[in-house]
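Heads up, model_5.cif below (mmCIF, C-alpha atoms and all ligand atoms):
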```cif
data_final
loop_
_atom_site.label_atom_id
_atom_site.label_comp_id
_atom_site.auth_asym_id
_atom_site.auth_seq_id
_atom_site.Cartn_x
_atom_site.Cartn_y
_atom_site.Cartn_z
CA MET C 1379 -58.60 22.49 -28.41
CA PRO C 1380 -56.33 19.61 -29.39
CA ILE C 1381 -57.84 16.91 -31.61
CA ASP C 1382 -59.59 14.08 -29.78
CA VAL C 1383 -57.87 11.35 -31.80
CA GLU C 1384 -59.94 8.55 -30.31
CA ARG C 1385 -63.16 10.25 -31.35
CA ALA C 1386 -61.77 11.06 -34.79
CA ARG C 1387 -60.92 7.39 -35.27
CA ALA C 1388 -64.27 6.19 -33.94
CA GLU C 1389 -65.91 8.43 -36.53
CA THR C 1390 -63.74 7.03 -39.35
CA PRO C 1391 -64.71 3.46 -40.31
CA GLY C 1392 -61.56 2.94 -42.40
CA CYS C 1393 -59.35 3.23 -39.30
CA GLU C 1394 -60.45 -0.29 -38.33
CA HIS C 1395 -58.99 -1.74 -41.51
CA VAL C 1396 -55.85 0.14 -42.52
CA VAL C 1397 -53.02 2.32 -41.32
CA HIS C 1398 -53.83 5.08 -43.74
CA LEU C 1399 -50.80 7.19 -44.62
CA ASP C 1400 -52.03 8.23 -48.04
CA ASN C 1401 -54.03 11.29 -47.09
CA ALA C 1402 -52.32 13.27 -49.84
CA GLY C 1403 -53.61 10.66 -52.29
CA SER C 1404 -57.15 10.13 -51.05
CA SER C 1405 -58.01 10.21 -47.35
CA LEU C 1406 -60.45 8.12 -45.31
CA PRO C 1407 -63.81 9.89 -45.19
CA PRO C 1408 -65.59 10.22 -41.85
CA ARG C 1409 -68.83 8.30 -41.28
CA ARG C 1410 -70.84 11.51 -41.61
CA VAL C 1411 -69.57 12.11 -45.14
CA LEU C 1412 -70.24 8.51 -46.16
CA ASP C 1413 -73.78 8.71 -44.77
CA ALA C 1414 -74.45 11.96 -46.59
CA VAL C 1415 -73.24 10.61 -49.95
CA ILE C 1416 -74.93 7.23 -49.63
CA GLY C 1417 -78.09 8.85 -48.31
CA HIS C 1418 -78.37 11.06 -51.38
CA LEU C 1419 -77.68 8.20 -53.77
CA GLU C 1420 -80.35 6.13 -52.06
CA LEU C 1421 -82.79 9.01 -52.32
CA GLU C 1422 -81.97 9.27 -56.03
CA GLY C 1423 -82.69 5.55 -56.26
CA ARG C 1424 -86.08 6.00 -54.60
CA VAL C 1425 -87.40 9.18 -56.22
CA GLY C 1426 -85.12 9.90 -59.19
CA GLY C 1427 -82.19 12.29 -59.52
CA TYR C 1428 -84.13 15.49 -60.16
CA ASP C 1429 -86.58 15.02 -57.34
CA ALA C 1430 -83.73 14.03 -54.99
CA HIS C 1431 -82.00 17.27 -55.95
CA ALA C 1432 -85.10 19.30 -55.14
CA ARG C 1433 -85.57 17.57 -51.79
CA ASN C 1434 -81.90 17.96 -50.80
CA GLU C 1435 -81.49 21.51 -52.12
CA GLU C 1436 -80.56 22.89 -48.72
CA ALA C 1437 -77.81 20.29 -48.15
CA ILE C 1438 -76.46 20.92 -51.67
CA GLU C 1439 -76.39 24.70 -51.25
CA ARG C 1440 -74.46 24.33 -47.98
CA PHE C 1441 -71.40 23.61 -50.14
CA TYR C 1442 -71.03 27.33 -50.95
CA GLY C 1443 -71.27 28.67 -47.41
CA ALA C 1444 -69.03 25.99 -45.93
CA THR C 1445 -66.33 26.34 -48.59
CA ALA C 1446 -66.41 30.12 -48.37
CA GLU C 1447 -65.97 29.89 -44.60
CA LEU C 1448 -63.04 27.49 -44.99
CA ILE C 1449 -61.06 29.93 -47.15
CA GLY C 1450 -62.36 33.29 -45.94
CA ALA C 1451 -64.27 34.02 -49.16
CA ARG C 1452 -67.87 34.89 -50.06
CA PRO C 1453 -70.23 32.09 -51.13
CA GLY C 1454 -70.70 33.80 -54.51
CA GLU C 1455 -66.97 33.54 -55.23
CA VAL C 1456 -66.93 29.73 -55.10
CA ALA C 1457 -67.59 27.12 -57.80
CA PHE C 1458 -68.09 23.38 -57.37
CA CYS C 1459 -65.83 21.35 -59.70
CA SER C 1460 -65.16 17.70 -60.35
CA SER C 1461 -61.49 17.94 -59.33
CA ALA C 1462 -58.77 20.37 -58.38
CA THR C 1463 -57.37 20.06 -61.89
CA ARG C 1464 -60.62 21.12 -63.55
CA ALA C 1465 -61.01 23.94 -61.02
CA TRP C 1466 -57.50 25.21 -61.75
CA ASP C 1467 -58.02 24.76 -65.52
CA MET C 1468 -61.23 26.77 -65.51
CA ALA C 1469 -59.35 29.71 -64.01
CA PHE C 1470 -56.12 29.27 -65.97
CA TYR C 1471 -57.64 28.81 -69.43
CA SER C 1472 -59.79 31.92 -68.86
CA PHE C 1473 -56.76 34.18 -69.27
CA ASP C 1474 -55.99 35.56 -72.73
CA PHE C 1475 -52.26 35.03 -73.09
CA GLU C 1476 -50.35 36.49 -76.03
CA ARG C 1477 -46.84 36.24 -77.39
CA GLY C 1478 -44.60 38.37 -75.20
CA ASP C 1479 -46.63 37.67 -72.04
CA ARG C 1480 -45.14 35.71 -69.17
CA ILE C 1481 -46.43 33.31 -66.54
CA LEU C 1482 -44.36 32.97 -63.38
CA THR C 1483 -44.55 29.62 -61.62
CA SER C 1484 -42.72 27.41 -59.15
CA VAL C 1485 -40.20 24.59 -59.59
CA ALA C 1486 -42.48 22.06 -57.92
CA ASP C 1487 -45.72 23.11 -59.58
CA TYR C 1488 -48.20 20.31 -60.24
CA ILE C 1489 -47.77 18.05 -63.29
CA SER C 1490 -51.17 18.91 -64.81
CA ASN C 1491 -50.51 22.62 -64.32
CA TYR C 1492 -47.21 22.29 -66.20
CA ILE C 1493 -48.93 20.35 -68.99
CA ALA C 1494 -51.40 23.25 -69.30
CA PHE C 1495 -48.53 25.79 -69.27
CA ILE C 1496 -46.77 23.93 -72.08
CA GLN C 1497 -49.95 23.62 -74.12
CA VAL C 1498 -50.80 27.31 -73.79
CA ALA C 1499 -47.19 28.31 -74.46
CA GLN C 1500 -47.27 26.26 -77.69
CA ARG C 1501 -50.61 27.76 -78.70
CA THR C 1502 -50.01 31.40 -77.85
CA GLY C 1503 -46.28 31.98 -77.48
CA VAL C 1504 -46.62 32.97 -73.81
CA GLU C 1505 -43.37 32.36 -71.93
CA VAL C 1506 -43.46 30.19 -68.83
CA VAL C 1507 -40.83 31.24 -66.31
CA THR C 1508 -39.95 28.88 -63.48
CA VAL C 1509 -38.90 30.98 -60.50
CA PRO C 1510 -35.89 29.41 -58.75
CA ASN C 1511 -36.03 28.16 -55.19
CA ASP C 1512 -34.29 29.79 -52.24
CA GLU C 1513 -31.87 28.14 -49.82
CA HIS C 1514 -34.79 26.35 -48.08
CA GLY C 1515 -35.93 24.74 -51.33
CA GLN C 1516 -39.11 26.83 -51.54
CA VAL C 1517 -40.02 29.46 -54.16
CA SER C 1518 -37.64 32.37 -53.73
CA VAL C 1519 -39.78 35.42 -53.02
CA GLU C 1520 -36.86 37.67 -53.93
CA ALA C 1521 -36.33 35.95 -57.28
CA LEU C 1522 -40.04 36.23 -57.97
CA ARG C 1523 -40.05 39.93 -57.10
CA GLU C 1524 -37.15 40.53 -59.52
CA ARG C 1525 -39.08 38.87 -62.36
CA LEU C 1526 -42.34 40.72 -61.73
CA ASP C 1527 -42.47 43.19 -64.63
CA GLU C 1528 -45.13 44.41 -67.07
CA ARG C 1529 -44.81 41.24 -69.17
CA VAL C 1530 -46.16 39.04 -66.35
CA LYS C 1531 -49.87 38.25 -66.89
CA LEU C 1532 -50.20 35.60 -64.20
CA VAL C 1533 -48.38 34.23 -61.18
CA ALA C 1534 -49.40 30.58 -60.61
CA ILE C 1535 -47.95 28.84 -57.57
CA THR C 1536 -48.58 25.45 -56.00
CA HIS C 1537 -48.89 25.86 -52.23
CA VAL C 1538 -47.94 22.28 -51.30
CA PRO C 1539 -46.57 20.11 -54.11
CA THR C 1540 -47.63 16.55 -54.80
CA ASN C 1541 -44.15 15.16 -54.18
CA SER C 1542 -42.83 16.61 -50.91
CA GLY C 1543 -43.61 18.18 -47.55
CA LEU C 1544 -42.70 21.63 -48.83
CA VAL C 1545 -45.05 24.53 -48.02
CA ASN C 1546 -44.43 27.41 -50.41
CA PRO C 1547 -44.58 30.95 -48.96
CA VAL C 1548 -47.84 31.84 -50.72
CA ALA C 1549 -48.73 34.83 -48.53
CA GLU C 1550 -45.33 36.50 -49.02
CA ILE C 1551 -45.81 36.06 -52.76
CA GLY C 1552 -49.38 37.42 -52.53
CA ALA C 1553 -48.12 40.57 -50.85
CA ILE C 1554 -45.99 41.41 -53.89
CA THR C 1555 -48.43 40.31 -56.62
CA ARG C 1556 -51.03 42.55 -54.99
CA GLN C 1557 -48.70 45.50 -54.94
CA ALA C 1558 -47.92 44.87 -58.61
CA GLY C 1559 -51.61 44.31 -59.46
CA ILE C 1560 -50.88 40.98 -61.18
CA PRO C 1561 -53.42 38.11 -60.99
CA TYR C 1562 -52.29 35.32 -58.67
CA LEU C 1563 -53.57 31.74 -58.90
CA VAL C 1564 -52.82 29.33 -56.03
CA ASP C 1565 -53.07 25.55 -56.31
CA ALA C 1566 -54.13 24.66 -52.76
CA CYS C 1567 -55.01 21.06 -53.59
CA GLN C 1568 -52.61 19.55 -51.05
CA SER C 1569 -52.91 22.26 -48.40
CA ALA C 1570 -56.73 22.47 -48.13
CA GLY C 1571 -57.79 20.48 -45.09
CA GLN C 1572 -54.39 20.19 -43.44
CA MET C 1573 -53.76 23.88 -42.70
CA ALA C 1574 -55.61 27.18 -42.50
CA LEU C 1575 -56.28 28.92 -45.81
CA ASP C 1576 -57.45 32.50 -46.03
CA VAL C 1577 -57.62 34.04 -49.48
CA ASP C 1578 -57.21 37.57 -48.10
CA ALA C 1579 -54.21 36.63 -45.97
CA ILE C 1580 -52.69 34.81 -48.97
CA GLY C 1581 -53.57 37.70 -51.27
CA CYS C 1582 -54.52 35.40 -54.14
CA ASP C 1583 -57.13 36.12 -56.81
CA ALA C 1584 -57.97 32.50 -57.51
CA LEU C 1585 -57.48 29.25 -55.62
CA SER C 1586 -58.24 25.62 -56.45
CA ALA C 1587 -58.57 22.53 -54.25
CA THR C 1588 -59.85 18.98 -54.24
CA GLY C 1589 -62.28 17.16 -51.95
CA ARG C 1590 -60.76 13.72 -51.45
CA LYS C 1591 -57.36 14.54 -49.95
CA PHE C 1592 -56.82 16.31 -46.62
CA LEU C 1593 -60.42 17.56 -46.64
CA ARG C 1594 -61.59 13.94 -46.42
CA GLY C 1595 -64.43 14.44 -48.88
CA PRO C 1596 -65.60 12.16 -51.69
CA ARG C 1597 -63.65 11.50 -54.87
CA GLY C 1598 -64.69 13.45 -57.96
CA THR C 1599 -65.14 16.72 -56.08
CA GLY C 1600 -63.23 19.98 -55.88
CA PHE C 1601 -63.71 23.72 -55.84
CA LEU C 1602 -62.51 26.95 -57.37
CA TYR C 1603 -62.42 30.36 -55.73
CA VAL C 1604 -62.17 33.51 -57.83
CA ARG C 1605 -62.09 36.94 -56.22
CA THR C 1606 -64.89 39.42 -56.94
CA GLY C 1607 -63.41 41.95 -59.33
CA LEU C 1608 -61.49 39.37 -61.33
CA LEU C 1609 -64.48 37.00 -61.45
CA GLU C 1610 -66.57 39.19 -63.74
CA ARG C 1611 -63.61 39.76 -66.07
CA LEU C 1612 -62.74 36.08 -66.57
CA GLU C 1613 -64.69 34.38 -69.34
CA PRO C 1614 -64.55 30.61 -68.67
CA PRO C 1615 -63.06 28.51 -71.48
CA LEU C 1616 -66.17 26.31 -71.45
CA LEU C 1617 -69.71 27.57 -71.02
CA ASP C 1618 -73.00 25.77 -70.68
CA MET C 1619 -76.51 26.53 -69.50
CA ARG C 1620 -75.36 26.55 -65.89
CA ALA C 1621 -72.72 29.17 -66.57
CA ALA C 1622 -74.74 31.33 -68.93
CA ASP C 1623 -78.27 32.26 -70.02
CA TRP C 1624 -79.24 32.09 -73.69
CA VAL C 1625 -80.94 35.48 -73.96
CA ALA C 1626 -81.43 35.88 -77.72
CA PRO C 1627 -80.88 33.59 -80.74
CA ASP C 1628 -77.31 34.89 -81.14
CA ARG C 1629 -76.46 35.97 -77.59
CA TYR C 1630 -75.72 34.60 -74.17
CA GLU C 1631 -75.08 36.27 -70.83
CA ILE C 1632 -72.63 34.75 -68.38
CA ARG C 1633 -73.74 34.63 -64.79
CA ARG C 1634 -72.00 37.05 -62.50
CA ASP C 1635 -71.00 34.75 -59.64
CA GLY C 1636 -68.55 31.89 -59.19
CA ARG C 1637 -70.99 29.41 -60.67
CA ARG C 1638 -69.97 30.66 -64.12
CA PHE C 1639 -67.11 28.15 -63.76
CA GLU C 1640 -69.44 25.22 -63.04
CA GLU C 1641 -70.99 22.54 -65.22
CA TRP C 1642 -74.74 22.08 -65.41
CA GLU C 1643 -74.50 18.40 -64.62
CA GLN C 1644 -72.88 17.70 -61.27
CA ASP C 1645 -72.28 14.90 -58.83
CA TYR C 1646 -74.79 16.08 -56.26
CA ALA C 1647 -74.06 13.26 -53.84
CA GLY C 1648 -70.41 14.30 -54.00
CA LYS C 1649 -71.28 17.96 -53.55
CA ILE C 1650 -73.30 17.18 -50.42
CA GLY C 1651 -70.43 14.99 -49.23
CA LEU C 1652 -67.87 17.71 -49.80
CA ALA C 1653 -70.01 20.26 -47.96
CA CYS C 1654 -70.24 17.81 -45.09
CA ALA C 1655 -66.46 17.17 -45.12
CA VAL C 1656 -65.69 20.89 -45.07
CA GLU C 1657 -68.11 21.46 -42.18
CA TYR C 1658 -66.50 18.53 -40.37
CA ALA C 1659 -63.01 20.04 -40.81
CA LEU C 1660 -64.31 23.40 -39.57
CA GLU C 1661 -65.77 21.71 -36.50
CA TRP C 1662 -62.40 20.21 -35.58
CA GLY C 1663 -60.78 23.55 -36.34
CA VAL C 1664 -58.16 23.87 -39.08
CA ASP C 1665 -55.56 25.21 -36.66
CA ALA C 1666 -55.97 22.17 -34.40
CA ILE C 1667 -55.76 19.91 -37.46
CA TRP C 1668 -52.56 21.62 -38.61
CA GLU C 1669 -50.97 21.40 -35.18
CA ARG C 1670 -51.47 17.64 -35.07
CA VAL C 1671 -50.62 16.97 -38.72
CA HIS C 1672 -47.44 19.02 -38.46
CA ALA C 1673 -46.32 17.29 -35.25
CA SER C 1674 -47.13 13.80 -36.57
CA ALA C 1675 -45.23 14.41 -39.81
CA GLU C 1676 -42.16 15.63 -37.93
CA CYS C 1677 -42.41 12.56 -35.68
CA LEU C 1678 -42.57 10.25 -38.71
CA ARG C 1679 -39.57 12.01 -40.30
CA ALA C 1680 -37.58 11.50 -37.12
CA LEU C 1681 -38.50 7.79 -36.99
CA LEU C 1682 -37.53 7.31 -40.64
CA GLU C 1683 -34.28 9.24 -40.33
CA ASP C 1684 -33.26 6.84 -37.57
CA ILE C 1685 -33.36 3.92 -40.02
CA ASP C 1686 -30.10 3.07 -41.74
CA GLY C 1687 -30.40 3.58 -45.50
CA VAL C 1688 -33.49 5.83 -45.36
CA THR C 1689 -33.26 9.42 -46.60
CA VAL C 1690 -36.07 11.91 -46.08
CA HIS C 1691 -36.38 14.34 -48.99
CA ASP C 1692 -38.70 17.11 -47.77
CA PRO C 1693 -37.41 20.64 -48.41
CA GLY C 1694 -38.87 23.91 -47.13
CA ALA C 1695 -38.68 26.21 -44.12
CA VAL C 1696 -42.08 24.81 -43.06
CA ARG C 1697 -42.90 21.15 -43.73
CA CYS C 1698 -46.39 19.72 -43.80
CA GLY C 1699 -48.11 16.35 -43.48
CA ILE C 1700 -46.48 14.89 -46.60
CA VAL C 1701 -43.36 12.89 -45.82
CA THR C 1702 -41.24 11.71 -48.76
CA PHE C 1703 -38.30 9.36 -48.53
CA ALA C 1704 -36.16 6.82 -50.32
CA VAL C 1705 -34.79 3.51 -49.05
CA ARG C 1706 -31.28 2.80 -50.32
CA GLY C 1707 -31.32 -0.03 -52.86
CA VAL C 1708 -35.08 -0.62 -52.69
CA PRO C 1709 -37.38 0.86 -55.37
CA ALA C 1710 -40.20 3.00 -53.97
CA GLU C 1711 -42.84 0.69 -55.49
CA GLN C 1712 -41.31 -2.24 -53.61
CA VAL C 1713 -41.44 -0.34 -50.29
CA LYS C 1714 -45.06 0.57 -50.98
CA ALA C 1715 -45.92 -3.07 -51.75
CA ALA C 1716 -44.15 -4.31 -48.60
CA LEU C 1717 -46.11 -1.83 -46.47
CA ALA C 1718 -49.37 -2.75 -48.23
CA ARG C 1719 -48.86 -6.36 -47.14
CA GLU C 1720 -49.00 -5.02 -43.57
CA GLN C 1721 -52.18 -2.99 -44.35
CA ILE C 1722 -50.20 0.26 -44.35
CA ASN C 1723 -51.19 2.60 -47.19
CA VAL C 1724 -48.59 4.91 -48.72
CA SER C 1725 -48.07 6.02 -52.30
CA VAL C 1726 -45.20 6.62 -54.69
CA SER C 1727 -44.24 10.03 -56.05
CA ALA C 1728 -42.71 9.22 -59.41
CA THR C 1729 -40.12 11.59 -60.83
CA THR C 1730 -42.49 12.09 -63.78
CA SER C 1731 -45.03 13.77 -61.51
CA ALA C 1732 -42.66 16.70 -60.89
CA VAL C 1733 -40.10 16.61 -63.66
CA ILE C 1734 -38.33 19.92 -63.01
CA ASP C 1735 -38.14 19.39 -59.25
CA ALA C 1736 -36.92 15.80 -59.68
CA LEU C 1737 -34.20 16.93 -62.10
CA GLU C 1738 -33.10 19.83 -59.88
CA ARG C 1739 -32.90 17.70 -56.75
CA ASP C 1740 -31.67 14.61 -58.59
CA LEU C 1741 -34.45 12.55 -57.04
CA PRO C 1742 -35.38 8.91 -57.55
CA ASP C 1743 -39.04 7.87 -57.30
CA LEU C 1744 -39.98 8.53 -53.67
CA VAL C 1745 -42.21 6.83 -51.15
CA ARG C 1746 -44.85 9.31 -49.97
CA ALA C 1747 -46.38 8.80 -46.52
CA SER C 1748 -48.94 11.48 -45.72
CA VAL C 1749 -50.34 11.73 -42.21
CA HIS C 1750 -53.64 13.08 -40.94
CA TYR C 1751 -54.95 13.99 -37.53
CA PHE C 1752 -56.55 10.57 -37.02
CA ASN C 1753 -53.22 8.73 -37.33
CA THR C 1754 -51.78 7.59 -34.00
CA ASP C 1755 -48.14 7.55 -32.88
CA ASP C 1756 -48.45 3.78 -32.77
CA GLU C 1757 -49.38 3.75 -36.47
CA LEU C 1758 -46.35 5.91 -37.30
CA GLU C 1759 -44.11 3.49 -35.41
CA ARG C 1760 -45.69 0.53 -37.23
CA ALA C 1761 -45.01 2.24 -40.54
CA ALA C 1762 -41.38 2.95 -39.59
CA ARG C 1763 -40.90 -0.69 -38.56
CA GLY C 1764 -42.41 -1.74 -41.90
CA VAL C 1765 -39.99 0.52 -43.78
CA HIS C 1766 -37.13 -0.92 -41.75
CA ARG C 1767 -38.19 -4.44 -42.73
CA ALA C 1768 -38.58 -3.40 -46.39
CA GLY C 1769 -35.05 -1.99 -46.28
CA GLY C 1770 -33.75 -5.14 -44.62
CA SER C 1771 -34.80 -7.16 -47.65
CA ARG C 1772 -32.49 -5.23 -49.99
C1 LIG F 1801 -50.49 19.91 -55.95
C2 LIG F 1801 -51.63 19.24 -56.64
N1 LIG F 1801 -52.42 19.97 -57.44
C3 LIG F 1801 -53.45 19.42 -58.09
C4 LIG F 1801 -53.75 18.09 -57.97
C5 LIG F 1801 -54.88 17.52 -58.77
O1 LIG F 1801 -55.96 17.17 -57.99
P1 LIG F 1801 -57.16 16.39 -58.67
O2 LIG F 1801 -56.69 15.00 -58.85
O3 LIG F 1801 -58.31 16.54 -57.72
O4 LIG F 1801 -57.42 17.04 -59.97
C6 LIG F 1801 -52.96 17.28 -57.14
C7 LIG F 1801 -53.26 15.85 -57.01
O5 LIG F 1801 -52.49 15.06 -56.51
C8 LIG F 1801 -51.86 17.88 -56.47
O6 LIG F 1801 -51.06 17.14 -55.68
#
```

As structure tokens, please, write out the structure in this file.
Amino acid sequence: MPIDVERARAETPGCEHVVHLDNAGSSLPPRRVLDAVIGHLELEGRVGGYDAHARNEEAIERFYGATAELIGARPGEVAFCSSATRAWDMAFYSFDFERGDRILTSVADYISNYIAFIQVAQRTGVEVVTVPNDEHGQVSVEALRERLDERVKLVAITHVPTNSGLVNPVAEIGAITRQAGIPYLVDACQSAGQMALDVDAIGCDALSATGRKFLRGPRGTGFLYVRTGLLERLEPPLLDMRAADWVAPDRYEIRRDGRRFEEWEQDYAGKIGLACAVEYALEWGVDAIWERVHASAECLRALLEDIDGVTVHDPGAVRCGIVTFAVRGVPAEQVKAALAREQINVSVSATTSAVIDALERDLPDLVRASVHYFNTDDELERAARGVHRAGGSR
């Protein structure tokens, strides 16, 4: 069933105020998510945080079932986290890297992931190998296969980068990491909520995502998936009384499910809100969402490419809802500000957010317009006219 855009907009209060093309930054939550979050906070205000937790236990626990359904996992393989970065970190820093080991990653991997790679490389001597791209500008599966030897302790790939419409071929990579028996961590922060994700189809062992972007959940929420089998072998870098039991004066036992990666203290309003957002996405259907997001992004690229002086910079055989472009002679921040004056939200992908990719493609800072299924064609045309005007002022 195609998306009923009118209904989606009626259920999204923010649509009355802005043309929101920053869904890769932080999307507009639907009314249902807002009500769930505010409702829990108000309950906390009335009866106190602990009692509110007890009363809303069922709504809180729905997070696990909904998230598992979204990615084709089991509820016990999922952890609630405060962000995609923390989720990814909890998996990544659980591995014991040693000098001589290698991590394979992608050119356009996320800034915080690279910072973690560099830190762990400096601490342990592990070598971080950036797998080159293929002719489409996505991770070369062949080049990755050639580098997959006994030194490789982890393959860590970003599905959709922060700074372009690229969709990396994560399932093709998963097929070969599985065959080689090498753990595979996927950063699905920008893909969750805009396209279908199935951890078995991808063949990954761990996957991280955030709530506030294409899933349309609250800020300060995210999740981690770790596959049964690897889960019990990964000791989280941080443990607390949520993750482990203190069983003797000098001994603890780590819990056996995904919650070993969680913190004891959590944003329960956010967790309820994220559960609600995931259920909402499942109700629309992720395939229907992807169909519309994909078509709208291609439509926006075509509108932008028609404007003199505008260059679209999205590589990849498949391109998603993130549209990145530059306007000749006009800094990205200036384009963003001009659009903001017309209530059109976009963001800027600075070269510093993807240093290797920016160097390889010789990129300037880019304007990033990210569409969702509630955006109309009229909004895309308004945005293109705004970009045209911003370019005209150069
Ligand atoms: C590819 C990618 N990974 C991870 C993150 C981090 O997400 P969070 O801010 O929820 O930690 C982002 C955020 O923009 C991202 O684009």

(message) For a quick check of understanding, using all atoms listed in the file, which of C:Val1509, C:Leu1575, C:Ala1446, C:Cys1567 has the smallest distance to ligand LIG 1801 (chain F)?
(response) C:Cys1567

(request) Taking all atoms listed in the file into account, report as a list in words which residues have an atom no farther than 6 Å from an atom of ligand LIG 1801 (chain F). (result) Ser1461, Ala1462, Thr1463, Tyr1488, Thr1536, Val1538, Pro1539, Thr1540, Asp1565, Cys1567, Gln1568 and Thr1588 of chain C

With C-alpha atoms retained, export the selected residues as a JSON list (two decimals), in the frame of the given file.
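This is the output file selection_9.json:
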```json
[["chain", "number", "residue", "atom", "x", "y", "z"],
["C", 1461, "SER", "CA", -61.49, 17.94, -59.33],
["C", 1462, "ALA", "CA", -58.77, 20.37, -58.38],
["C", 1463, "THR", "CA", -57.37, 20.06, -61.89],
["C", 1488, "TYR", "CA", -48.20, 20.31, -60.24],
["C", 1536, "THR", "CA", -48.58, 25.45, -56.00],
["C", 1538, "VAL", "CA", -47.94, 22.28, -51.30],
["C", 1539, "PRO", "CA", -46.57, 20.11, -54.11],
["C", 1540, "THR", "CA", -47.63, 16.55, -54.80],
["C", 1565, "ASP", "CA", -53.07, 25.55, -56.31],
["C", 1567, "CYS", "CA", -55.01, 21.06, -53.59],
["C", 1568, "GLN", "CA", -52.61, 19.55, -51.05],
["C", 1588, "THR", "CA", -59.85, 18.98, -54.24]]
```

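The coordinates place CA of Ala1736 in chain C at 26.0 Å from CA of Gly1552 in chain C.
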
(message) Restricting the calculation to only C-alpha atoms: of C:Ile1632, C:Leu1609, C:Val1749, C:Leu1758, which residue gets closest to Gly1454 in chain C?
(response) C:Leu1609

Would you mind listing, for every residue of range 1480-1545 of chain C within 12 Å of range 1670-1674 of chain C, the two atoms forming the shortest contact and the distance between them in Å to one decimal, using all atoms listed in the file, sorted by chain and ascending residue number, as a Markdown table?
```
| residue | atom | partner | partner_atom | distance |
| --- | --- | --- | --- | --- |
| C:Gly1543 | CA | C:His1672 | CA | 9.9 |
| C:Leu1544 | CA | C:His1672 | CA | 11.7 |
| C:Val1545 | CA | C:His1672 | CA | 11.3 |
```

(message) If I take CA of Tyr1658 in chain C and CA of Gly1598 in chain C, how far is one from the other in Å, to one decimal?
(response) 18.4 Å
